[in-house]
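Participant: For reference, this is work-v5.cif, and it has mmCIF, C-alpha atoms.
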```cif
data_final
#
loop_
_atom_site.label_atom_id
_atom_site.label_comp_id
_atom_site.auth_asym_id
_atom_site.auth_seq_id
_atom_site.Cartn_x
_atom_site.Cartn_y
_atom_site.Cartn_z
CA MET A 1 12.58 -14.02 -17.45
CA SER A 2 11.27 -11.31 -19.76
CA GLY A 3 14.51 -11.43 -21.70
CA VAL A 4 13.94 -15.06 -22.67
CA GLY A 5 10.23 -15.68 -23.03
CA PHE A 6 8.13 -14.25 -25.81
CA GLY A 7 4.50 -14.70 -26.76
CA MET A 8 3.17 -16.70 -29.66
CA GLY A 9 3.10 -14.58 -32.79
CA GLN A 10 5.45 -12.03 -31.23
CA ARG A 11 8.75 -11.41 -32.96
CA PRO A 12 11.96 -11.86 -30.91
CA VAL A 13 13.32 -8.48 -29.89
CA ASN A 14 16.81 -9.42 -28.70
CA ARG A 15 19.54 -11.95 -29.34
CA ARG A 16 18.55 -14.27 -26.50
CA GLN A 17 14.96 -14.54 -27.70
CA ARG A 18 16.16 -15.26 -31.24
CA VAL A 19 18.37 -18.06 -29.93
CA VAL A 20 15.48 -19.55 -27.94
CA LYS A 21 13.16 -19.49 -30.94
CA SER A 22 15.86 -20.95 -33.18
CA LEU A 23 16.44 -23.79 -30.72
CA TRP A 24 12.72 -24.46 -30.43
CA THR A 25 12.38 -24.57 -34.22
CA GLY A 26 15.58 -26.55 -34.72
CA ILE A 27 14.88 -29.23 -32.13
CA TRP A 28 12.72 -31.04 -34.68
CA LEU A 29 15.76 -31.45 -36.93
CA VAL A 30 16.70 -34.43 -34.77
CA TYR A 31 14.82 -36.60 -37.24
CA LEU A 32 17.54 -35.86 -39.80
CA SER A 33 19.67 -38.44 -38.02
CA ALA A 34 19.08 -40.92 -40.85
CA PRO A 35 20.72 -38.75 -43.56
CA VAL A 36 23.53 -37.80 -41.17
CA THR A 37 24.18 -41.46 -40.34
CA ASP A 38 24.19 -42.28 -44.05
CA LEU A 39 26.83 -39.64 -44.70
CA LEU A 40 28.99 -40.85 -41.82
CA HIS A 41 28.66 -44.61 -42.27
CA GLY A 42 27.04 -45.12 -45.65
CA GLY A 43 30.23 -46.01 -47.48
CA HIS A 44 30.09 -43.05 -49.86
CA SER A 45 33.18 -41.60 -51.45
CA THR A 46 34.72 -38.41 -50.12
CA GLY A 47 33.38 -36.27 -52.96
CA VAL A 48 29.85 -37.62 -52.50
CA ARG A 49 30.04 -36.96 -48.77
CA VAL A 50 31.13 -33.37 -49.31
CA LEU A 51 28.32 -32.76 -51.78
CA GLY A 52 25.87 -34.50 -49.43
CA TRP A 53 26.86 -32.30 -46.48
CA ILE A 54 26.53 -29.19 -48.64
CA GLY A 55 23.10 -30.27 -49.86
CA LEU A 56 21.90 -31.10 -46.34
CA ALA A 57 23.17 -27.78 -44.95
CA ALA A 58 21.47 -25.84 -47.74
CA PHE A 59 18.22 -27.73 -47.15
CA VAL A 60 18.25 -27.07 -43.39
CA ALA A 61 19.04 -23.36 -43.86
CA TRP A 62 16.23 -22.92 -46.38
CA TYR A 63 13.78 -24.85 -44.19
CA MET A 64 14.66 -22.87 -41.03
CA LEU A 65 14.27 -19.59 -42.88
CA LEU A 66 10.76 -20.54 -44.00
CA VAL A 67 9.54 -21.85 -40.64
CA PHE A 68 11.25 -19.15 -38.55
CA ARG A 69 9.38 -16.42 -40.41
CA THR A 70 5.97 -18.08 -40.03
CA GLY A 71 3.12 -15.59 -39.92
CA ARG A 72 4.99 -12.56 -41.28
CA GLY A 73 2.87 -12.39 -44.41
CA GLU A 74 5.45 -12.91 -47.15
CA ARG A 75 4.27 -13.11 -50.73
CA ASN A 76 2.89 -16.55 -51.50
CA GLY A 77 4.76 -16.71 -54.80
CA LEU A 78 8.11 -16.40 -53.04
CA VAL A 79 7.11 -19.10 -50.53
CA LEU A 80 5.96 -21.45 -53.30
CA GLY A 81 9.26 -20.95 -55.09
CA SER A 82 11.17 -21.73 -51.89
CA LEU A 83 9.10 -24.87 -51.32
CA GLY A 84 9.81 -25.92 -54.89
CA VAL A 85 13.54 -25.58 -54.23
CA LEU A 86 13.19 -27.69 -51.06
CA ALA A 87 11.24 -30.37 -52.91
CA ALA A 88 13.79 -30.46 -55.72
CA GLN A 89 16.65 -30.77 -53.22
CA SER A 90 14.84 -33.61 -51.42
CA ALA A 91 14.20 -35.51 -54.63
CA LEU A 92 17.77 -35.06 -55.89
CA LEU A 93 19.38 -36.13 -52.60
CA ALA A 94 17.08 -39.13 -52.18
CA LEU A 95 17.57 -40.36 -55.75
CA THR A 96 21.36 -39.99 -55.61
CA LEU A 97 22.17 -40.96 -52.00
CA GLY A 98 19.47 -43.46 -51.07
CA ARG A 99 16.29 -44.09 -49.17
CA GLU A 100 17.53 -42.57 -45.90
CA TRP A 101 17.08 -39.15 -47.48
CA LEU A 102 13.32 -39.60 -48.05
CA VAL A 103 12.73 -38.04 -44.62
CA LEU A 104 13.44 -34.63 -46.16
CA PHE A 105 9.98 -34.71 -47.74
CA VAL A 106 8.44 -34.64 -44.25
CA TYR A 107 10.12 -31.28 -43.69
CA VAL A 108 8.86 -30.04 -47.06
CA SER A 109 5.31 -30.89 -46.00
CA ILE A 110 5.73 -29.21 -42.60
CA ALA A 111 7.20 -26.09 -44.19
CA SER A 112 4.19 -25.98 -46.55
CA GLY A 113 1.79 -25.96 -43.62
CA ALA A 114 3.82 -23.40 -41.68
CA ALA A 115 4.49 -20.90 -44.46
CA LEU A 116 1.36 -21.02 -46.64
CA PRO A 117 -2.29 -20.18 -45.91
CA LEU A 118 -4.66 -23.11 -45.58
CA ARG A 119 -6.27 -22.54 -48.98
CA MET A 120 -2.89 -23.23 -50.61
CA ALA A 121 -1.39 -25.64 -48.07
CA ARG A 122 -4.27 -28.09 -48.55
CA TRP A 123 -2.90 -28.64 -52.07
CA THR A 124 0.86 -28.36 -51.51
CA ILE A 125 0.92 -30.84 -48.59
CA PRO A 126 -0.71 -33.68 -50.60
CA ALA A 127 1.55 -32.73 -53.52
CA ALA A 128 4.65 -33.13 -51.31
CA CYS A 129 3.32 -36.50 -50.12
CA ALA A 130 2.67 -37.57 -53.69
CA LEU A 131 6.22 -36.63 -54.66
CA LEU A 132 7.47 -38.56 -51.63
CA THR A 133 5.58 -41.63 -52.81
CA ALA A 134 6.92 -41.36 -56.35
CA VAL A 135 10.54 -40.95 -55.25
CA ALA A 136 10.21 -43.73 -52.66
CA LEU A 137 9.03 -46.15 -55.33
CA ALA A 138 11.94 -45.13 -57.56
CA VAL A 139 14.63 -45.48 -54.87
CA PRO A 140 15.87 -49.02 -54.11
CA GLY A 141 14.23 -50.19 -50.90
CA GLY A 142 12.29 -46.93 -50.57
CA HIS A 143 8.89 -48.63 -50.40
CA SER A 144 9.80 -50.00 -46.94
CA TYR A 145 10.20 -46.43 -45.65
CA LEU A 146 7.06 -45.10 -47.32
CA ALA A 147 4.47 -46.01 -44.66
CA SER A 148 6.57 -44.65 -41.79
CA LEU A 149 7.10 -41.30 -43.59
CA LEU A 150 3.82 -40.71 -45.39
CA ILE A 151 1.64 -40.40 -42.26
CA PRO A 152 4.01 -37.99 -40.42
CA ALA A 153 4.23 -35.88 -43.57
CA LEU A 154 0.44 -35.57 -43.84
CA LEU A 155 -0.24 -35.09 -40.13
CA GLY A 156 2.72 -32.77 -39.56
CA GLY A 157 1.87 -30.59 -42.53
CA PHE A 158 -1.78 -30.10 -41.61
CA ALA A 159 -0.92 -29.64 -37.92
CA MET A 160 1.34 -26.76 -38.88
CA THR A 161 -1.54 -25.09 -40.74
CA GLY A 162 -3.35 -24.94 -37.40
CA VAL A 163 -0.27 -23.50 -35.70
CA ARG A 164 0.04 -20.87 -38.43
CA GLU A 165 -3.59 -19.80 -38.04
CA LEU A 166 -3.13 -19.63 -34.27
CA VAL A 167 -0.09 -17.41 -34.70
CA ARG A 168 -1.95 -15.11 -37.09
CA THR A 169 -4.93 -14.92 -34.71
CA THR A 170 -2.63 -14.07 -31.80
CA ILE A 171 -0.98 -11.29 -33.80
CA ALA A 172 -4.39 -9.88 -34.79
CA LEU A 173 -5.56 -10.01 -31.17
CA ARG A 174 -2.46 -8.21 -29.94
CA GLU A 175 -2.90 -5.49 -32.56
CA ALA A 176 -6.60 -5.15 -31.66
CA ARG A 177 -5.74 -4.73 -27.98
CA ALA A 178 -3.20 -2.04 -28.82
CA THR A 179 -5.80 -0.25 -30.95
CA VAL A 180 -8.41 -0.45 -28.18
CA ALA A 181 -5.92 0.96 -25.67
CA GLN A 182 -5.05 3.81 -28.02
CA LEU A 183 -8.72 4.59 -28.65
CA ALA A 184 -9.42 4.55 -24.91
CA ALA A 185 -6.56 6.98 -24.30
CA ASN A 186 -7.83 9.26 -27.08
CA GLU A 187 -11.35 9.14 -25.67
CA GLU A 188 -10.04 10.04 -22.22
CA ARG A 189 -8.15 13.00 -23.63
CA LEU A 190 -11.26 14.17 -25.47
CA ARG A 191 -13.34 13.83 -22.30
CA LEU A 192 -10.82 15.84 -20.32
CA ALA A 193 -10.75 18.49 -23.06
CA ARG A 194 -14.56 18.69 -23.04
CA ASP A 195 -14.73 19.02 -19.26
CA LEU A 196 -12.02 21.66 -19.14
CA HIS A 197 -13.83 23.58 -21.88
CA ASP A 198 -17.07 23.42 -19.94
CA LEU A 199 -15.33 24.51 -16.74
CA LEU A 200 -13.22 27.31 -18.18
CA GLY A 201 -15.23 28.51 -21.18
CA HIS A 202 -17.73 30.57 -19.19
CA SER A 203 -15.17 31.77 -16.63
CA LEU A 204 -12.62 32.93 -19.21
CA SER A 205 -15.31 34.66 -21.27
CA LEU A 206 -16.51 36.48 -18.16
CA ILE A 207 -12.95 37.47 -17.20
CA THR A 208 -12.32 38.82 -20.71
CA LEU A 209 -15.57 40.81 -20.69
CA LYS A 210 -14.95 42.32 -17.24
CA SER A 211 -11.34 43.13 -18.14
CA GLU A 212 -12.48 45.11 -21.16
CA LEU A 213 -15.15 46.82 -19.07
CA ALA A 214 -12.65 47.71 -16.33
CA GLY A 215 -10.30 49.13 -18.94
CA ARG A 216 -13.02 51.44 -20.26
CA MET A 217 -14.10 52.51 -16.74
CA LEU A 218 -10.62 53.11 -15.38
CA PRO A 219 -10.10 56.73 -16.62
CA ASP A 220 -13.48 58.15 -15.57
CA HIS A 221 -14.83 55.70 -12.95
CA PRO A 222 -11.94 54.16 -11.01
CA GLY A 223 -14.26 52.96 -8.23
CA LYS A 224 -16.41 50.96 -10.61
CA ALA A 225 -13.28 49.68 -12.37
CA ALA A 226 -11.95 48.42 -9.02
CA GLN A 227 -15.20 46.53 -8.47
CA GLN A 228 -14.82 44.87 -11.87
CA VAL A 229 -11.25 43.90 -10.97
CA ALA A 230 -12.50 42.37 -7.71
CA ASP A 231 -15.08 40.38 -9.67
CA ILE A 232 -12.33 39.20 -12.02
CA GLU A 233 -10.30 37.96 -9.04
CA GLN A 234 -13.29 36.07 -7.62
CA VAL A 235 -14.10 34.41 -10.96
CA SER A 236 -10.47 33.41 -11.56
CA ARG A 237 -10.15 31.90 -8.07
CA GLN A 238 -13.30 29.84 -8.60
CA ALA A 239 -12.05 28.70 -12.00
CA LEU A 240 -8.78 27.61 -10.40
CA VAL A 241 -10.70 25.60 -7.77
CA ASP A 242 -12.82 23.95 -10.50
CA VAL A 243 -9.75 22.99 -12.52
CA ARG A 244 -8.01 21.52 -9.47
CA GLU A 245 -11.07 19.47 -8.60
CA ALA A 246 -11.34 18.21 -12.16
CA VAL A 247 -7.65 17.25 -12.37
CA SER A 248 -7.67 15.56 -8.96
CA GLY A 249 -10.77 13.65 -9.99
CA TYR A 250 -8.97 12.30 -13.04
CA ARG A 251 -5.92 11.33 -11.01
CA ARG A 252 -7.87 9.66 -8.21
CA PRO A 253 -8.45 5.98 -9.05
CA ARG A 254 -11.70 4.25 -8.14
CA LEU A 255 -11.79 0.78 -6.64
CA GLY A 256 -14.56 -0.48 -8.91
CA ALA A 257 -12.69 0.62 -12.02
CA GLU A 258 -9.45 -0.92 -10.73
CA LEU A 259 -11.21 -4.26 -10.10
CA ALA A 260 -12.42 -4.27 -13.70
CA GLY A 261 -8.95 -3.34 -14.93
CA ALA A 262 -7.39 -6.06 -12.75
CA ARG A 263 -9.61 -8.69 -14.34
CA VAL A 264 -8.60 -7.57 -17.83
CA ALA A 265 -4.88 -7.47 -16.93
CA LEU A 266 -4.85 -10.89 -15.24
CA THR A 267 -6.84 -12.53 -18.02
CA ALA A 268 -4.54 -11.06 -20.66
CA ALA A 269 -1.54 -12.45 -18.74
CA GLY A 270 -3.09 -15.93 -18.57
CA VAL A 271 -3.65 -15.78 -14.80
CA ALA A 272 -6.85 -17.24 -13.35
CA ALA A 273 -8.51 -14.33 -11.52
CA GLU A 274 -10.72 -14.64 -8.44
CA LEU A 275 -12.12 -11.16 -7.81
CA PRO A 276 -14.91 -9.87 -5.56
CA ALA A 277 -18.13 -8.40 -6.87
CA GLU A 278 -18.74 -4.66 -7.12
CA PRO A 279 -17.97 -3.40 -3.59
CA ASP A 280 -20.34 -1.37 -1.43
CA LEU A 281 -18.31 1.67 -0.48
CA THR A 282 -21.04 3.66 1.18
CA GLY A 283 -19.49 5.87 3.84
CA VAL A 284 -15.91 5.01 2.87
CA PRO A 285 -13.79 8.18 2.54
CA GLU A 286 -12.56 8.93 -0.95
CA GLU A 287 -8.97 8.99 0.28
CA SER A 288 -9.32 5.46 1.67
CA GLU A 289 -10.92 4.17 -1.51
CA SER A 290 -8.21 5.80 -3.62
CA ALA A 291 -5.45 4.25 -1.47
CA LEU A 292 -6.97 0.77 -1.82
CA ALA A 293 -7.33 1.28 -5.57
CA TRP A 294 -3.62 2.09 -5.77
CA ALA A 295 -2.85 -0.99 -3.68
CA LEU A 296 -4.88 -3.20 -5.99
CA ARG A 297 -3.16 -1.76 -9.04
CA GLU A 298 0.30 -2.29 -7.54
CA GLY A 299 -0.51 -5.83 -6.39
CA VAL A 300 -1.91 -6.91 -9.75
CA THR A 301 1.00 -5.27 -11.59
CA ASN A 302 3.47 -7.28 -9.50
CA VAL A 303 1.54 -10.48 -10.18
CA VAL A 304 1.53 -9.88 -13.92
CA ARG A 305 5.13 -8.65 -14.23
CA HIS A 306 7.12 -10.55 -11.61
CA SER A 307 5.40 -13.59 -10.12
CA GLY A 308 4.87 -16.05 -12.98
CA ALA A 309 1.66 -17.05 -11.18
CA ARG A 310 -1.19 -19.10 -12.61
CA ARG A 311 -3.80 -17.97 -10.07
CA CYS A 312 -4.49 -14.70 -8.29
CA ALA A 313 -7.18 -14.16 -5.64
CA VAL A 314 -8.38 -10.73 -4.48
CA GLU A 315 -10.45 -10.32 -1.30
CA LEU A 316 -12.17 -7.17 -0.03
CA LEU A 317 -13.45 -7.36 3.55
CA HIS A 318 -14.94 -5.01 6.16
CA ARG A 319 -13.39 -5.59 9.59
CA GLN A 320 -13.88 -4.12 13.03
CA THR A 321 -10.66 -3.35 14.95
CA LEU A 322 -9.78 -1.57 18.18
CA ASP A 323 -9.01 1.52 16.13
CA GLY A 324 -12.36 1.41 14.37
CA PRO A 325 -13.81 -0.15 11.22
CA VAL A 326 -11.33 -0.86 8.42
CA LEU A 327 -11.57 -1.98 4.83
CA GLU A 328 -9.05 -4.71 4.02
CA LEU A 329 -7.80 -5.63 0.56
CA ALA A 330 -5.77 -8.82 0.07
CA VAL A 331 -4.01 -9.85 -3.15
CA GLU A 332 -2.56 -13.37 -3.13
CA ASP A 333 -0.94 -15.38 -5.93
CA ASP A 334 0.69 -18.79 -6.31
CA GLY A 335 3.77 -17.58 -8.17
CA SER A 336 7.45 -17.53 -7.38
CA GLY A 337 7.37 -14.37 -5.31
CA GLY A 338 7.04 -10.61 -5.41
CA PRO A 339 9.08 -7.94 -7.17
CA GLY A 340 12.34 -8.99 -5.54
CA ASP A 341 14.13 -8.92 -2.23
CA GLY A 342 12.64 -6.30 0.05
CA HIS A 343 10.19 -3.61 -1.01
CA GLY A 344 10.65 -2.10 -4.43
CA ASN A 345 9.83 1.46 -5.38
CA GLY A 346 6.22 0.55 -6.05
CA LEU A 347 5.60 -0.96 -2.61
CA THR A 348 7.49 1.89 -0.94
CA GLY A 349 5.32 4.48 -2.63
CA LEU A 350 2.23 2.42 -1.83
CA THR A 351 3.18 2.33 1.86
CA GLU A 352 3.43 6.12 1.83
CA ARG A 353 0.00 6.44 0.21
CA LEU A 354 -1.62 4.12 2.74
CA THR A 355 0.07 5.85 5.67
CA LYS A 356 -1.22 9.20 4.45
CA ALA A 357 -4.74 7.73 4.36
CA GLY A 358 -4.32 6.31 7.87
CA GLY A 359 -3.83 2.74 6.68
CA THR A 360 -1.17 0.03 6.71
CA LEU A 361 0.49 -2.36 4.28
CA GLU A 362 1.71 -5.91 4.76
CA ALA A 363 3.50 -7.69 1.93
CA GLY A 364 5.65 -10.79 1.90
CA PRO A 365 6.22 -14.23 0.41
CA LEU A 366 4.18 -17.30 1.30
CA LYS A 367 5.18 -20.95 1.06
CA HIS A 368 3.78 -20.98 -2.46
CA GLY A 369 3.30 -17.45 -3.68
CA PHE A 370 3.09 -13.88 -2.45
CA ARG A 371 0.50 -11.97 -0.41
CA LEU A 372 -0.19 -8.24 -0.17
CA VAL A 373 -2.64 -6.90 2.43
CA ALA A 374 -3.68 -3.23 2.58
CA ARG A 375 -5.96 -1.78 5.29
CA VAL A 376 -7.56 1.65 5.42
CA PRO A 377 -10.19 3.26 7.67
CA SER A 378 -13.67 2.59 6.30
CA ALA A 379 -15.28 5.56 8.11
CA GLY A 380 -14.42 9.22 8.40
CA PRO A 381 -13.15 10.69 11.69
CA ALA A 382 -16.64 11.97 12.56
CA ASP A 383 -18.19 8.54 12.07
CA VAL A 384 -15.77 6.39 14.07
CA GLY A 385 -17.60 6.79 17.37
CA SER A 386 -21.14 6.79 15.96
CA PRO A 387 -23.60 3.91 16.60
CA ALA A 388 -23.59 3.12 12.92
#
```
Just dump the structure as structure tokens.

Facilitator:
Amino acid sequence: MSGVGFGMGQRPVNRRQRVVKSLWTGIWLVYLSAPVTDLLHGGHSTGVRVLGWIGLAAFVAWYMLLVFRTGRGERNGLVLGSLGVLAAQSALLALTLGREWLVLFVYVSIASGAALPLRMARWTIPAACALLTAVALAVPGGHSYLASLLIPALLGGFAMTGVRELVRTTIALREARATVAQLAANEERLRLARDLHDLLGHSLSLITLKSELAGRMLPDHPGKAAQQVADIEQVSRQALVDVREAVSGYRRPRLGAELAGARVALTAAGVAAELPAEPDLTGVPEESESALAWALREGVTNVVRHSGARRCAVELLHRQTLDGPVLELAVEDDGSGGPGDGHGNGLTGLTERLTKAGGTLEAGPLKHGFRLVARVPSAGPADVGSPA
């Protein structure tokens, strides 16, 4: 599915996506049936037909090129020149081949709205309609086609200005999200660097000082030098413990943060999110909370990447079982299913995490959707038998 679909304002990245976008843009060329019928059954000579087919093909190619590249910020002068060529082609074909070719001006108006900013399109669209009116009055029988073409030209042109602005807004939003993500990653790296500096700065300075002192004491006072070496060992071991705690703290996800991240991810994917409020995790072991946070991340990732769902509900419940109190997390969507047949690598790794924390995982398809349920102990081993 990811090989075919692409977001609004997002350029196609492979051949299949280009074909899909070309078909979506070209489907509106069905209204060129009038000029095609005129060429096939209009009674024109062979030379006129050949020239007509060449003119129509050139018009369609030029029009598709303009509309296909909507929102890419080309120079307005180049676009205006292209629109002028389209308008000239439309006028020439209509004046020489007949009133059936007046429909080309509708495409000129639509291309104006799609390829120009509103401040310019608000002038070029009426200009295209005015040219349509003038040519229609000059072509025999063209006035009978004028009413049925003038309104679509105006409405289609100005509708495309809205589509263009929507595309540009979508592109700007996507770029802003990428910038925010990059800034967040940079801020996290800076925070880690600051914490490591605070943890190791004093310890490394003390190790350096004691090393120099031990070196000076070694020839004359080996006993005192040995004491300094023992102090160095103690300081280095404590520094190693501090670094391990800091790194494990960064790698251990928190359930509250994952709930906030899940809301952002689901909303960005266009999935209606039903999430619980900030959970009360008093007394819940950190290992259990971390395992549930991983489960939530994996469940939401599968919903966003694989399910095609429109709704996702997350529940967090405290339950009492024969084995003691548990904290249960359920992620349910209304999509087409999970990551595929059986458990993928993500669910396999998640099962291992939950098992290590003393929990369990249930995941499988529903009649309409997919459901993932993770359970972990909500109390430490010393608290299981307590009155609380």

Participant: Identify, on the basis of only C-alpha atoms, every residue whose closest approach to region 314-329 of chain A does not exceed 9 Å; exclude the query and any residue fewer than 2 positions from it along the same chain; express the result as an MDAnalysis selection string.

Facilitator: chainID A and resid 273:276 279 284 288:289 292 295:296 312 331:333 359 372:379 384:385

Participant: If the PyMOL selection byres ((chain A and resi 133-138) around 10) is run on the structure shown, which residues does it catch, given as a list in words?

Facilitator: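 Evaluating the PyMOL selection byres ((chain A and resi 133-138) around 10) on these coordinates yields Ser90, Ala91, Leu92, Ala94, Leu95, Gly98, Arg99, Trp101, Leu102, Phe105, Ala127, Ala128, Cys129, Ala130, Leu131, Leu132, Val139, Pro140, Gly141, Gly142, His143, Ser144, Tyr145, Leu146, Ala147, Leu149 and Leu150 of chain A.
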
Participant: Hey, can you check how far CA of Asp38 (chain A) sits from CA of Leu56 (chain A)?

Facilitator: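 Between CA of Asp38 (chain A) and CA of Leu56 (chain A) the gap is 11.6 Å.
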
Participant: In Å to one decimal, how far is CA of Ile110 (chain A) from CA of Pro35 (chain A)?

Facilitator: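 Separation of CA of Pro35 (chain A) and CA of Ile110 (chain A): 17.8 Å.
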
Participant: Nearest to Ala61 (chain A) among A:Thr348, A:Leu116, A:Glu258, A:Leu29, with distances taken over all atoms listed in the file: which residue is it?

Facilitator: A:Leu29
